[in-house]
$ cat protein-v7.cif   # mmCIF, C-alpha atoms
data_upload
loop_
_atom_site.group_PDB
_atom_site.id
_atom_site.type_symbol
_atom_site.label_atom_id
_atom_site.label_comp_id
_atom_site.auth_asym_id
_atom_site.auth_seq_id
_atom_site.Cartn_x
_atom_site.Cartn_y
_atom_site.Cartn_z
ATOM 1 C CA GLY A 1 0.000 0.000 0.000
ATOM 2 C CA ALA A 2 0.941 3.682 -0.183
ATOM 3 C CA GLY A 3 3.382 5.063 2.320
ATOM 4 C CA VAL A 4 3.356 8.406 4.099
ATOM 5 C CA SER A 5 3.197 11.249 1.606
ATOM 6 C CA GLN A 6 4.098 14.880 2.133
ATOM 7 C CA THR A 7 3.418 17.929 0.008
ATOM 8 C CA PRO A 8 5.017 20.007 -1.242
ATOM 9 C CA SER A 9 8.376 18.279 -1.540
ATOM 10 C CA ASN A 10 10.082 21.657 -1.635
ATOM 11 C CA LYS A 11 8.898 25.061 -0.457
ATOM 12 C CA VAL A 12 10.782 28.324 -0.843
ATOM 13 C CA THR A 13 9.359 31.343 0.926
ATOM 14 C CA GLU A 14 10.394 34.754 2.092
ATOM 15 C CA LYS A 15 11.027 35.756 5.664
ATOM 16 C CA GLY A 16 7.803 36.789 7.364
ATOM 17 C CA LYS A 17 5.492 34.722 5.158
ATOM 18 C CA TYR A 18 3.062 32.005 6.261
ATOM 19 C CA VAL A 19 3.478 28.394 5.098
ATOM 20 C CA GLU A 20 1.483 25.189 5.363
ATOM 21 C CA LEU A 21 2.989 21.728 5.040
ATOM 22 C CA ARG A 22 0.753 18.724 4.478
ATOM 23 C CA CYS A 23 1.093 15.117 5.577
ATOM 24 C CA ASP A 24 -0.969 12.129 4.435
ATOM 25 C CA PRO A 25 -0.322 9.209 6.787
ATOM 26 C CA ILE A 26 -0.645 5.539 5.954
ATOM 27 C CA SER A 27 -4.310 4.595 5.826
ATOM 28 C CA GLY A 28 -5.535 3.313 9.175
ATOM 29 C CA HIS A 29 -2.633 4.692 11.181
ATOM 30 C CA THR A 30 -3.998 6.539 14.200
ATOM 31 C CA ALA A 31 -0.745 8.081 15.422
ATOM 32 C CA LEU A 32 0.960 10.884 13.501
ATOM 33 C CA TYR A 33 4.207 12.690 14.267
ATOM 34 C CA TRP A 34 6.021 15.755 12.966
ATOM 35 C CA TYR A 35 9.799 16.084 13.167
ATOM 36 C CA ARG A 36 12.229 18.696 11.886
ATOM 37 C CA GLN A 37 15.681 17.863 10.562
ATOM 38 C CA SER A 38 18.265 20.597 10.267
ATOM 39 C CA LEU A 39 21.418 20.175 8.213
ATOM 40 C CA GLY A 40 23.831 17.703 9.790
ATOM 41 C CA GLN A 41 21.420 16.782 12.573
ATOM 42 C CA GLY A 42 19.018 13.987 13.287
ATOM 43 C CA PRO A 43 15.253 14.476 13.214
ATOM 44 C CA GLU A 44 13.947 16.493 16.149
ATOM 45 C CA PHE A 45 10.447 15.871 17.531
ATOM 46 C CA LEU A 46 7.855 18.606 17.145
ATOM 47 C CA ILE A 47 4.372 17.211 17.858
ATOM 48 C CA TYR A 48 2.444 13.945 18.136
ATOM 49 C CA PHE A 49 -1.238 13.345 17.344
ATOM 50 C CA GLN A 50 -3.340 10.459 18.555
ATOM 51 C CA GLY A 51 -6.460 10.653 16.408
ATOM 52 C CA THR A 52 -7.546 14.264 16.091
ATOM 53 C CA GLY A 53 -5.922 15.575 19.238
ATOM 54 C CA ALA A 54 -2.378 16.710 19.869
ATOM 55 C CA ALA A 55 -1.198 14.327 22.587
ATOM 56 C CA ASP A 56 2.238 15.927 22.907
ATOM 57 C CA ASP A 57 3.252 19.292 21.437
ATOM 58 C CA SER A 58 6.286 19.767 23.657
ATOM 59 C CA GLY A 59 8.655 19.966 20.683
ATOM 60 C CA LEU A 60 7.061 22.959 18.983
ATOM 61 C CA PRO A 61 9.746 25.664 19.241
ATOM 62 C CA ASN A 62 7.405 28.638 19.745
ATOM 63 C CA ASP A 63 3.879 29.868 19.102
ATOM 64 C CA ARG A 64 4.587 30.552 15.428
ATOM 65 C CA PHE A 65 4.270 26.802 14.887
ATOM 66 C CA PHE A 66 0.899 25.090 14.936
ATOM 67 C CA ALA A 67 -0.399 21.764 13.638
ATOM 68 C CA VAL A 68 -3.868 20.322 13.112
ATOM 69 C CA ARG A 69 -5.395 16.974 12.242
ATOM 70 C CA PRO A 70 -9.113 17.735 12.102
ATOM 71 C CA GLU A 71 -10.409 14.369 10.863
ATOM 72 C CA GLY A 72 -7.771 12.116 12.352
ATOM 73 C CA SER A 73 -6.055 11.477 9.037
ATOM 74 C CA VAL A 74 -4.334 14.282 7.093
ATOM 75 C CA SER A 75 -2.308 16.732 9.140
ATOM 76 C CA THR A 76 -1.127 20.251 8.353
ATOM 77 C CA LEU A 77 1.844 21.941 9.986
ATOM 78 C CA LYS A 78 1.473 25.711 9.906
ATOM 79 C CA ILE A 79 4.281 28.187 10.392
ATOM 80 C CA GLN A 80 3.542 31.882 10.774
ATOM 81 C CA ARG A 81 5.977 34.766 10.229
ATOM 82 C CA THR A 82 8.680 32.422 8.966
ATOM 83 C CA GLU A 83 12.287 33.094 9.913
ATOM 84 C CA ARG A 84 15.509 31.994 8.207
ATOM 85 C CA GLY A 85 16.151 29.654 11.139
ATOM 86 C CA ASP A 86 13.003 27.710 10.213
ATOM 87 C CA SER A 87 14.775 26.380 7.114
ATOM 88 C CA ALA A 88 14.949 22.594 7.474
ATOM 89 C CA VAL A 89 13.424 19.363 6.236
ATOM 90 C CA TYR A 90 10.089 18.747 7.931
ATOM 91 C CA LEU A 91 9.354 15.042 8.308
ATOM 92 C CA CYS A 92 6.031 13.422 9.029
ATOM 93 C CA ALA A 93 5.658 9.886 10.365
ATOM 94 C CA SER A 94 2.734 7.647 11.249
ATOM 95 C CA SER A 95 2.270 4.462 13.215
ATOM 96 C CA ARG A 96 -0.576 1.962 13.486
ATOM 97 C CA ASP A 97 -1.565 2.791 17.021
ATOM 98 C CA PRO A 98 -0.032 4.371 20.103
ATOM 99 C CA SER A 99 1.641 1.154 21.214
ATOM 100 C CA SER A 100 5.183 2.035 22.001
ATOM 101 C CA TYR A 101 6.581 -0.900 20.045
ATOM 102 C CA ASN A 102 5.053 0.120 16.747
ATOM 103 C CA GLU A 103 7.591 1.487 14.332
ATOM 104 C CA GLN A 104 7.101 4.932 12.911
ATOM 105 C CA PHE A 105 6.951 5.104 9.111
ATOM 106 C CA PHE A 106 8.385 8.307 7.706
ATOM 107 C CA GLY A 107 7.469 10.316 4.643
ATOM 108 C CA PRO A 108 10.085 11.810 2.316
ATOM 109 C CA GLY A 109 9.845 15.219 3.974
ATOM 110 C CA THR A 110 9.246 18.788 2.856
ATOM 111 C CA ARG A 111 12.369 20.884 2.405
ATOM 112 C CA LEU A 112 11.534 24.403 3.580
ATOM 113 C CA THR A 113 13.837 27.259 2.613
ATOM 114 C CA VAL A 114 13.218 30.695 4.083
ATOM 115 C CA LEU A 115 15.036 33.447 2.196
ATOM 116 C CA ASP B 1 21.382 18.794 25.572
ATOM 117 C CA GLN B 2 22.061 15.928 23.156
ATOM 118 C CA GLN B 3 20.579 12.859 24.828
ATOM 119 C CA VAL B 4 21.504 10.515 21.968
ATOM 120 C CA LYS B 5 24.911 10.909 20.378
ATOM 121 C CA GLN B 6 26.558 9.403 17.342
ATOM 122 C CA ASN B 7 30.103 10.649 17.535
ATOM 123 C CA SER B 8 31.252 9.451 14.129
ATOM 124 C CA PRO B 9 29.810 11.619 11.354
ATOM 125 C CA SER B 10 31.095 9.222 8.708
ATOM 126 C CA LEU B 11 32.436 5.714 8.246
ATOM 127 C CA SER B 12 33.969 4.053 5.209
ATOM 128 C CA VAL B 13 34.070 0.248 4.934
ATOM 129 C CA GLN B 14 35.123 -2.133 2.216
ATOM 130 C CA GLU B 15 32.442 -4.301 0.646
ATOM 131 C CA GLY B 16 32.168 -7.674 2.353
ATOM 132 C CA ARG B 17 33.675 -6.472 5.638
ATOM 133 C CA ILE B 18 31.849 -5.656 8.873
ATOM 134 C CA SER B 19 30.415 -2.183 9.478
ATOM 135 C CA ILE B 20 30.066 -1.106 13.102
ATOM 136 C CA LEU B 21 28.082 2.008 13.914
ATOM 137 C CA ASN B 22 28.057 3.331 17.458
ATOM 138 C CA CYS B 23 25.588 5.286 19.554
ATOM 139 C CA ASP B 24 25.692 6.604 23.119
ATOM 140 C CA TYR B 25 22.853 7.924 25.238
ATOM 141 C CA THR B 26 22.676 9.850 28.479
ATOM 142 C CA ASN B 27 19.070 9.422 29.621
ATOM 143 C CA SER B 28 18.847 6.270 31.741
ATOM 144 C CA MET B 29 15.049 6.305 31.328
ATOM 145 C CA PHE B 30 15.346 5.245 27.677
ATOM 146 C CA ASP B 31 14.302 1.617 27.375
ATOM 147 C CA TYR B 32 13.724 1.079 23.673
ATOM 148 C CA PHE B 33 16.206 1.746 20.908
ATOM 149 C CA LEU B 34 15.905 1.784 17.129
ATOM 150 C CA TRP B 35 18.107 2.173 14.098
ATOM 151 C CA TYR B 36 16.849 3.946 11.006
ATOM 152 C CA LYS B 37 18.480 4.133 7.601
ATOM 153 C CA LYS B 38 18.110 7.130 5.310
ATOM 154 C CA TYR B 39 18.829 7.541 1.613
ATOM 155 C CA PRO B 40 19.009 11.037 0.048
ATOM 156 C CA ALA B 41 15.616 12.642 -0.621
ATOM 157 C CA GLU B 42 13.816 9.858 1.241
ATOM 158 C CA GLY B 43 12.486 9.607 4.763
ATOM 159 C CA PRO B 44 14.209 7.411 7.342
ATOM 160 C CA THR B 45 13.233 3.739 7.169
ATOM 161 C CA PHE B 46 13.176 1.444 10.168
ATOM 162 C CA LEU B 47 15.943 -1.124 10.293
ATOM 163 C CA ILE B 48 16.051 -2.902 13.646
ATOM 164 C CA SER B 49 15.181 -2.289 17.281
ATOM 165 C CA ILE B 50 16.046 -3.581 20.733
ATOM 166 C CA SER B 51 14.347 -3.432 24.099
ATOM 167 C CA SER B 52 16.380 -2.720 27.211
ATOM 168 C CA ILE B 53 15.553 -6.179 28.560
ATOM 169 C CA LYS B 54 17.783 -7.654 25.853
ATOM 170 C CA ASP B 55 21.418 -7.151 25.013
ATOM 171 C CA LYS B 56 21.316 -8.384 21.431
ATOM 172 C CA ASN B 57 18.869 -8.533 18.567
ATOM 173 C CA GLU B 58 19.643 -10.010 15.178
ATOM 174 C CA ASP B 59 17.873 -9.724 11.827
ATOM 175 C CA GLY B 60 19.706 -11.167 8.857
ATOM 176 C CA ARG B 61 22.890 -9.197 8.233
ATOM 177 C CA PHE B 62 21.995 -6.674 10.946
ATOM 178 C CA THR B 63 22.670 -7.090 14.665
ATOM 179 C CA VAL B 64 22.156 -4.508 17.375
ATOM 180 C CA PHE B 65 24.000 -4.788 20.684
ATOM 181 C CA LEU B 66 22.989 -2.918 23.834
ATOM 182 C CA ASN B 67 25.257 -2.264 26.814
ATOM 183 C CA LYS B 68 23.021 -0.638 29.412
ATOM 184 C CA SER B 69 25.725 -0.074 32.004
ATOM 185 C CA ALA B 70 27.757 1.879 29.459
ATOM 186 C CA LYS B 71 24.653 3.473 27.900
ATOM 187 C CA HIS B 72 25.962 2.364 24.538
ATOM 188 C CA LEU B 73 24.551 0.545 21.563
ATOM 189 C CA SER B 74 26.019 -0.515 18.280
ATOM 190 C CA LEU B 75 24.778 -1.726 14.931
ATOM 191 C CA HIS B 76 26.770 -4.402 13.128
ATOM 192 C CA ILE B 77 26.280 -5.041 9.433
ATOM 193 C CA VAL B 78 27.969 -8.107 8.026
ATOM 194 C CA PRO B 79 28.777 -8.583 5.256
ATOM 195 C CA SER B 80 28.528 -4.958 4.134
ATOM 196 C CA GLN B 81 27.060 -4.359 0.674
ATOM 197 C CA PRO B 82 27.120 -1.292 -1.601
ATOM 198 C CA GLY B 83 23.381 -0.808 -1.055
ATOM 199 C CA ASP B 84 24.087 -0.267 2.637
ATOM 200 C CA SER B 85 25.619 3.122 1.834
ATOM 201 C CA ALA B 86 23.309 5.590 3.576
ATOM 202 C CA VAL B 87 22.985 7.721 6.693
ATOM 203 C CA TYR B 88 22.168 5.692 9.798
ATOM 204 C CA PHE B 89 20.331 7.203 12.750
ATOM 205 C CA CYS B 90 20.145 5.806 16.229
ATOM 206 C CA ALA B 91 16.940 6.670 18.116
ATOM 207 C CA ALA B 92 15.625 6.078 21.622
ATOM 208 C CA LYS B 93 12.346 6.317 23.483
ATOM 209 C CA ILE B 94 10.756 5.704 26.860
ATOM 210 C CA ILE B 95 8.170 2.937 26.522
ATOM 211 C CA GLN B 96 5.838 4.219 29.242
ATOM 212 C CA GLY B 97 6.458 7.819 28.397
ATOM 213 C CA ALA B 98 5.994 10.062 25.425
ATOM 214 C CA GLN B 99 5.736 8.510 21.981
ATOM 215 C CA LYS B 100 8.465 10.677 20.530
ATOM 216 C CA LEU B 101 11.738 9.309 19.262
ATOM 217 C CA VAL B 102 14.967 11.060 20.243
ATOM 218 C CA PHE B 103 17.503 10.795 17.434
ATOM 219 C CA GLY B 104 21.260 10.984 17.213
ATOM 220 C CA GLN B 105 22.985 13.147 14.618
ATOM 221 C CA GLY B 106 23.519 10.275 12.191
ATOM 222 C CA THR B 107 26.526 8.485 10.696
ATOM 223 C CA ARG B 108 27.100 8.440 6.941
ATOM 224 C CA LEU B 109 28.205 4.944 5.947
ATOM 225 C CA THR B 110 29.991 4.455 2.631
ATOM 226 C CA ILE B 111 30.653 0.944 1.362
ATOM 227 C CA ASN B 112 33.530 0.825 -1.099
ATOM 228 C CA PRO B 113 33.671 -1.882 -3.800
#

$ encode --input "protein-v7.cif" --output "structure tokens"
Amino acid sequence: GAGVSQTPSNKVTEKGKYVELRCDPISGHTALYWYRQSLGQGPEFLIYFQGTGAADDSGLPNDRFFAVRPEGSVSTLKIQRTERGDSAVYLCASSRDPSSYNEQFFGPGTRLTVL
Amino acid sequence: DQQVKQNSPSLSVQEGRISILNCDYTNSMFDYFLWYKKYPAEGPTFLISISSIKDKNEDGRFTVFLNKSAKHLSLHIVPSQPGDSAVYFCAAKIIQGAQKLVFGQGTRLTINP
């Protein structure tokens, strides 16, 4: 079946603009995660959804970042007033259920560049 | 505060030999560890995992070893193949805690023919 998909694959924006990044998880997966990977670093956790609700948003760096998952499937990560430091690859992952032993399946990521 | 560390940014190994990738962690609450493999322009893909109740887990050419007292784990690939060339990430989590994975910085493995 289809894996996790993310759109767009690349996004270039100007400082101060608003961006939305979309994630389509694997069908039937109830858990969804957002991570951010900066150059030369490993993925860094941002937020975790169980169903429609954000179960853990402790990784969001500040209130310019917000994510939603209104129907428990597709999720959108929203970044307001973008800054050059927001440039990174934003990765989405999903897993079958919240069981801690379930592996997280990652999408290919959205490369965000803030000029 | 880097709770999971991969101190070797890169590793070069000859085809057919053993590749050993290392990972150290500082948080003693971590009790589940995973290795992910990443090719350029793709997301990380799960490779192998180990629970803290074990000290070894094997899957084909891949073996993960865990030394809890040293807070150290390693991934052994034998024999190494050209298709193994990728960036490898070590990750850790707390089973009864948050669902998030904490990743190391990654090690770029290059297998030379």

$ closest_atom_pairs --input "protein-v7.cif" --of "chain A" --to "chain B" --cutoff "7 Å" --atoms "all atoms listed in the file" --output "JSON lines"
{"residue": "A:Gly40", "atom": "CA", "partner": "B:Gln105", "partner_atom": "CA", "distance": 6.7}
{"residue": "A:Gln41", "atom": "CA", "partner": "B:Gln105", "partner_atom": "CA", "distance": 4.5}
{"residue": "A:Gly42", "atom": "CA", "partner": "B:Gln105", "partner_atom": "CA", "distance": 4.3}
{"residue": "A:Pro43", "atom": "CA", "partner": "B:Phe103", "partner_atom": "CA", "distance": 6.0}
{"residue": "A:Glu44", "atom": "CA", "partner": "B:Phe103", "partner_atom": "CA", "distance": 6.8}
{"residue": "A:Phe45", "atom": "CA", "partner": "B:Lys100", "partner_atom": "CA", "distance": 6.3}
{"residue": "A:Ser100", "atom": "CA", "partner": "B:Ile95", "partner_atom": "CA", "distance": 5.5}
{"residue": "A:Glu103", "atom": "CA", "partner": "B:Phe46", "partner_atom": "CA", "distance": 7.0}
{"residue": "A:Phe105", "atom": "CA", "partner": "B:Thr45", "partner_atom": "CA", "distance": 6.7}
{"residue": "A:Phe106", "atom": "CA", "partner": "B:Gly43", "partner_atom": "CA", "distance": 5.2}
{"residue": "A:Gly107", "atom": "CA", "partner": "B:Gly43", "partner_atom": "CA", "distance": 5.1}
{"residue": "A:Pro108", "atom": "CA", "partner": "B:Gly43", "partner_atom": "CA", "distance": 4.1}
{"residue": "A:Gly109", "atom": "CA", "partner": "B:Gly43", "partner_atom": "CA", "distance": 6.3}

$ write_last_selection --input "protein-v7.cif" --atoms "C-alpha atoms" --output "PDB file, in the coordinates of the input"
ATOM      1  CA  GLY A  40      23.831  17.703   9.790  1.00  0.00           C
ATOM      2  CA  GLN A  41      21.420  16.782  12.573  1.00  0.00           C
ATOM      3  CA  GLY A  42      19.018  13.987  13.287  1.00  0.00           C
ATOM      4  CA  PRO A  43      15.253  14.476  13.214  1.00  0.00           C
ATOM      5  CA  GLU A  44      13.947  16.493  16.149  1.00  0.00           C
ATOM      6  CA  PHE A  45      10.447  15.871  17.531  1.00  0.00           C
ATOM      7  CA  SER A 100       5.183   2.035  22.001  1.00  0.00           C
ATOM      8  CA  GLU A 103       7.591   1.487  14.332  1.00  0.00           C
ATOM      9  CA  PHE A 105       6.951   5.104   9.111  1.00  0.00           C
ATOM     10  CA  PHE A 106       8.385   8.307   7.706  1.00  0.00           C
ATOM     11  CA  GLY A 107       7.469  10.316   4.643  1.00  0.00           C
ATOM     12  CA  PRO A 108      10.085  11.810   2.316  1.00  0.00           C
ATOM     13  CA  GLY A 109       9.845  15.219   3.974  1.00  0.00           C
TER      14      GLY A 109
END

$ residues_around --input "protein-v7.cif" --residues "Lys78 (chain A)" --least-positions-apart "5" --cutoff "7 Å" --atoms "all atoms listed in the file" --output "list in words"
Val19, Glu20, Leu21, Phe65, Phe66 and Ala67 of chain A

$ resolve_selection --input "protein-v7.cif" --expression "the PyMOL selection byres ((chain A and resi 80) around 6)" --output "PyMOL selection string"
chain A and resi 18+64+79+81-82

$ residues_near_point --input "protein-v7.cif" --point "(-3.6, 12.4, 6.7)" --cutoff "6 Å" --atoms "only C-alpha atoms" --output "PyMOL selection string"
chain A and resi 23-25+73-75

$ residues_around --input "protein-v7.cif" --residues "Asn10 (chain A)" --least-positions-apart "4" --cutoff "8 Å" --atoms "all atoms listed in the file" --output "list of chain:residue names"
A:Thr110, A:Arg111, A:Leu112, A:Thr113

$ closest_residue --input "protein-v7.cif" --among "A:Ser87, A:Ser38, A:Asn62, A:Gln50" --to "Val12 (chain A)" --atoms "only C-alpha atoms"
A:Ser87

$ atom_distance --input "protein-v7.cif" --atom1 "CA of Ser94 (chain A)" --atom2 "CA of Leu32 (chain A)"
4.3 Å

$ atom_distance --input "protein-v7.cif" --atom1 "CA of Leu109 (chain B)" --atom2 "CA of Gly60 (chain B)"
18.4 Å

$ atom_distance --input "protein-v7.cif" --atom1 "CA of Phe33 (chain B)" --atom2 "CA of Asn112 (chain B)"
28.0 Å

$ closest_residue --input "protein-v7.cif" --among "B:Ala86, B:Met29, B:Leu21, B:Val64" --to "Gln3 (chain B)" --atoms "only C-alpha atoms"
B:Met29

$ resolve_selection --input "protein-v7.cif" --expression "the PyMOL selection byres ((chain B and resi 78) around 10)" --output "list in words"
Glu15, Gly16, Arg17, Ile18, Ser19, Ile20, Gly60, Arg61, Phe62, Thr63, Leu75, His76, Ile77, Pro79, Ser80 and Gln81 of chain B

$ residues_near_point --input "protein-v7.cif" --point "(-1.8, 6.6, 5.1)" --cutoff "7 Å" --atoms "all atoms listed in the file" --output "PyMOL selection string"
chain A and resi 2-4+24-29

$ write_last_selection --input "protein-v7.cif" --atoms "C-alpha atoms" --output "PDB file, keeping the file's coordinate frame"
ATOM      1  CA  ALA A   2       0.941   3.682  -0.183  1.00  0.00           C
ATOM      2  CA  GLY A   3       3.382   5.063   2.320  1.00  0.00           C
ATOM      3  CA  VAL A   4       3.356   8.406   4.099  1.00  0.00           C
ATOM      4  CA  ASP A  24      -0.969  12.129   4.435  1.00  0.00           C
ATOM      5  CA  PRO A  25      -0.322   9.209   6.787  1.00  0.00           C
ATOM      6  CA  ILE A  26      -0.645   5.539   5.954  1.00  0.00           C
ATOM      7  CA  SER A  27      -4.310   4.595   5.826  1.00  0.00           C
ATOM      8  CA  GLY A  28      -5.535   3.313   9.175  1.00  0.00           C
ATOM      9  CA  HIS A  29      -2.633   4.692  11.181  1.00  0.00           C
TER      10      HIS A  29
END

$ axis_aligned_box --input "protein-v7.cif" --around "region 35-45 of chain A" --padding-each-side "5 Å" --output "JSON"
{"center_x": 16.8, "center_y": 17.3, "center_z": 12.9, "size_x": 24.0, "size_y": 16.6, "size_z": 19.3}

$ closest_residue --input "protein-v7.cif" --among "B:Gln14, B:Asn27, B:Lys56, B:Ser85" --to "Gln2 (chain B)" --atoms "all atoms listed in the file"
B:Asn27

$ closest_residue --input "protein-v7.cif" --among "A:Leu77, A:Gly51, A:Leu115, A:Lys17" --to "Cys92 (chain A)" --atoms "all atoms listed in the file"
A:Leu77

$ resolve_selection --input "protein-v7.cif" --expression "the PyMOL selection byres ((chain A and resi 52) around 8)" --output "PyMOL selection string"
chain A and resi 49-51+53-54+68-73

$ decode --input "protein-v7.cif" --residues "region 29-49 of chain B" --atoms "N, CA, C and O atoms" --output "PDB file, in the first residue's frame"
ATOM      1  N   MET B  29      16.459   6.696  31.433  1.00  0.00           N
ATOM      2  CA  MET B  29      15.049   6.305  31.328  1.00  0.00           C
ATOM      3  C   MET B  29      14.734   5.661  29.977  1.00  0.00           C
ATOM      4  O   MET B  29      13.718   4.997  29.829  1.00  0.00           O
ATOM      5  N   PHE B  30      15.582   5.862  28.984  1.00  0.00           N
ATOM      6  CA  PHE B  30      15.346   5.245  27.677  1.00  0.00           C
ATOM      7  C   PHE B  30      15.353   3.727  27.830  1.00  0.00           C
ATOM      8  O   PHE B  30      16.264   3.160  28.448  1.00  0.00           O
ATOM      9  N   ASP B  31      14.342   3.068  27.265  1.00  0.00           N
ATOM     10  CA  ASP B  31      14.302   1.617  27.375  1.00  0.00           C
ATOM     11  C   ASP B  31      13.946   0.928  26.065  1.00  0.00           C
ATOM     12  O   ASP B  31      13.650  -0.273  26.044  1.00  0.00           O
ATOM     13  N   TYR B  32      13.965   1.687  24.981  1.00  0.00           N
ATOM     14  CA  TYR B  32      13.724   1.079  23.673  1.00  0.00           C
ATOM     15  C   TYR B  32      14.533   1.865  22.665  1.00  0.00           C
ATOM     16  O   TYR B  32      14.504   3.100  22.662  1.00  0.00           O
ATOM     17  N   PHE B  33      15.260   1.114  21.811  1.00  0.00           N
ATOM     18  CA  PHE B  33      16.206   1.746  20.908  1.00  0.00           C
ATOM     19  C   PHE B  33      15.983   1.234  19.483  1.00  0.00           C
ATOM     20  O   PHE B  33      15.670   0.064  19.279  1.00  0.00           O
ATOM     21  N   LEU B  34      16.169   2.129  18.523  1.00  0.00           N
ATOM     22  CA  LEU B  34      15.905   1.784  17.129  1.00  0.00           C
ATOM     23  C   LEU B  34      17.029   2.327  16.259  1.00  0.00           C
ATOM     24  O   LEU B  34      17.672   3.328  16.589  1.00  0.00           O
ATOM     25  N   TRP B  35      17.231   1.657  15.155  1.00  0.00           N
ATOM     26  CA  TRP B  35      18.107   2.173  14.098  1.00  0.00           C
ATOM     27  C   TRP B  35      17.270   2.410  12.851  1.00  0.00           C
ATOM     28  O   TRP B  35      16.472   1.574  12.455  1.00  0.00           O
ATOM     29  N   TYR B  36      17.485   3.584  12.256  1.00  0.00           N
ATOM     30  CA  TYR B  36      16.849   3.946  11.006  1.00  0.00           C
ATOM     31  C   TYR B  36      17.934   4.206   9.969  1.00  0.00           C
ATOM     32  O   TYR B  36      19.034   4.660  10.286  1.00  0.00           O
ATOM     33  N   LYS B  37      17.580   3.944   8.730  1.00  0.00           N
ATOM     34  CA  LYS B  37      18.480   4.133   7.601  1.00  0.00           C
ATOM     35  C   LYS B  37      17.854   5.173   6.682  1.00  0.00           C
ATOM     36  O   LYS B  37      16.642   5.153   6.460  1.00  0.00           O
ATOM     37  N   LYS B  38      18.674   6.075   6.149  1.00  0.00           N
ATOM     38  CA  LYS B  38      18.110   7.130   5.310  1.00  0.00           C
ATOM     39  C   LYS B  38      18.940   7.323   4.042  1.00  0.00           C
ATOM     40  O   LYS B  38      20.145   7.565   4.110  1.00  0.00           O
ATOM     41  N   TYR B  39      18.237   7.203   2.902  1.00  0.00           N
ATOM     42  CA  TYR B  39      18.829   7.541   1.613  1.00  0.00           C
ATOM     43  C   TYR B  39      18.491   8.992   1.286  1.00  0.00           C
ATOM     44  O   TYR B  39      17.500   9.523   1.786  1.00  0.00           O
ATOM     45  N   PRO B  40      19.286   9.645   0.434  1.00  0.00           N
ATOM     46  CA  PRO B  40      19.009  11.037   0.048  1.00  0.00           C
ATOM     47  C   PRO B  40      17.602  11.201  -0.513  1.00  0.00           C
ATOM     48  O   PRO B  40      17.118  10.351  -1.256  1.00  0.00           O
ATOM     49  N   ALA B  41      16.949  12.272  -0.126  1.00  0.00           N
ATOM     50  CA  ALA B  41      15.616  12.642  -0.621  1.00  0.00           C
ATOM     51  C   ALA B  41      14.532  11.637  -0.228  1.00  0.00           C
ATOM     52  O   ALA B  41      13.437  11.643  -0.793  1.00  0.00           O
ATOM     53  N   GLU B  42      14.828  10.771   0.722  1.00  0.00           N
ATOM     54  CA  GLU B  42      13.816   9.858   1.241  1.00  0.00           C
ATOM     55  C   GLU B  42      13.716  10.029   2.746  1.00  0.00           C
ATOM     56  O   GLU B  42      14.640  10.529   3.388  1.00  0.00           O
ATOM     57  N   GLY B  43      12.596   9.582   3.318  1.00  0.00           N
ATOM     58  CA  GLY B  43      12.486   9.607   4.763  1.00  0.00           C
ATOM     59  C   GLY B  43      13.243   8.447   5.379  1.00  0.00           C
ATOM     60  O   GLY B  43      13.563   7.469   4.708  1.00  0.00           O
ATOM     61  N   PRO B  44      13.547   8.533   6.667  1.00  0.00           N
ATOM     62  CA  PRO B  44      14.209   7.411   7.342  1.00  0.00           C
ATOM     63  C   PRO B  44      13.334   6.165   7.298  1.00  0.00           C
ATOM     64  O   PRO B  44      12.109   6.250   7.409  1.00  0.00           O
ATOM     65  N   THR B  45      13.960   5.011   7.134  1.00  0.00           N
ATOM     66  CA  THR B  45      13.233   3.739   7.169  1.00  0.00           C
ATOM     67  C   THR B  45      13.762   2.892   8.322  1.00  0.00           C
ATOM     68  O   THR B  45      14.969   2.825   8.561  1.00  0.00           O
ATOM     69  N   PHE B  46      12.839   2.255   9.002  1.00  0.00           N
ATOM     70  CA  PHE B  46      13.176   1.444  10.168  1.00  0.00           C
ATOM     71  C   PHE B  46      14.028   0.252   9.766  1.00  0.00           C
ATOM     72  O   PHE B  46      13.781  -0.406   8.750  1.00  0.00           O
ATOM     73  N   LEU B  47      15.039  -0.020  10.581  1.00  0.00           N
ATOM     74  CA  LEU B  47      15.943  -1.124  10.293  1.00  0.00           C
ATOM     75  C   LEU B  47      15.826  -2.240  11.336  1.00  0.00           C
ATOM     76  O   LEU B  47      15.502  -3.381  11.027  1.00  0.00           O
ATOM     77  N   ILE B  48      16.041  -1.911  12.583  1.00  0.00           N
ATOM     78  CA  ILE B  48      16.051  -2.902  13.646  1.00  0.00           C
ATOM     79  C   ILE B  48      15.892  -2.179  14.975  1.00  0.00           C
ATOM     80  O   ILE B  48      16.223  -0.996  15.086  1.00  0.00           O
ATOM     81  N   SER B  49      15.370  -2.900  15.963  1.00  0.00           N
ATOM     82  CA  SER B  49      15.181  -2.289  17.281  1.00  0.00           C
ATOM     83  C   SER B  49      15.607  -3.259  18.368  1.00  0.00           C
ATOM     84  O   SER B  49      15.815  -4.462  18.121  1.00  0.00           O
TER      85      SER B  49
END
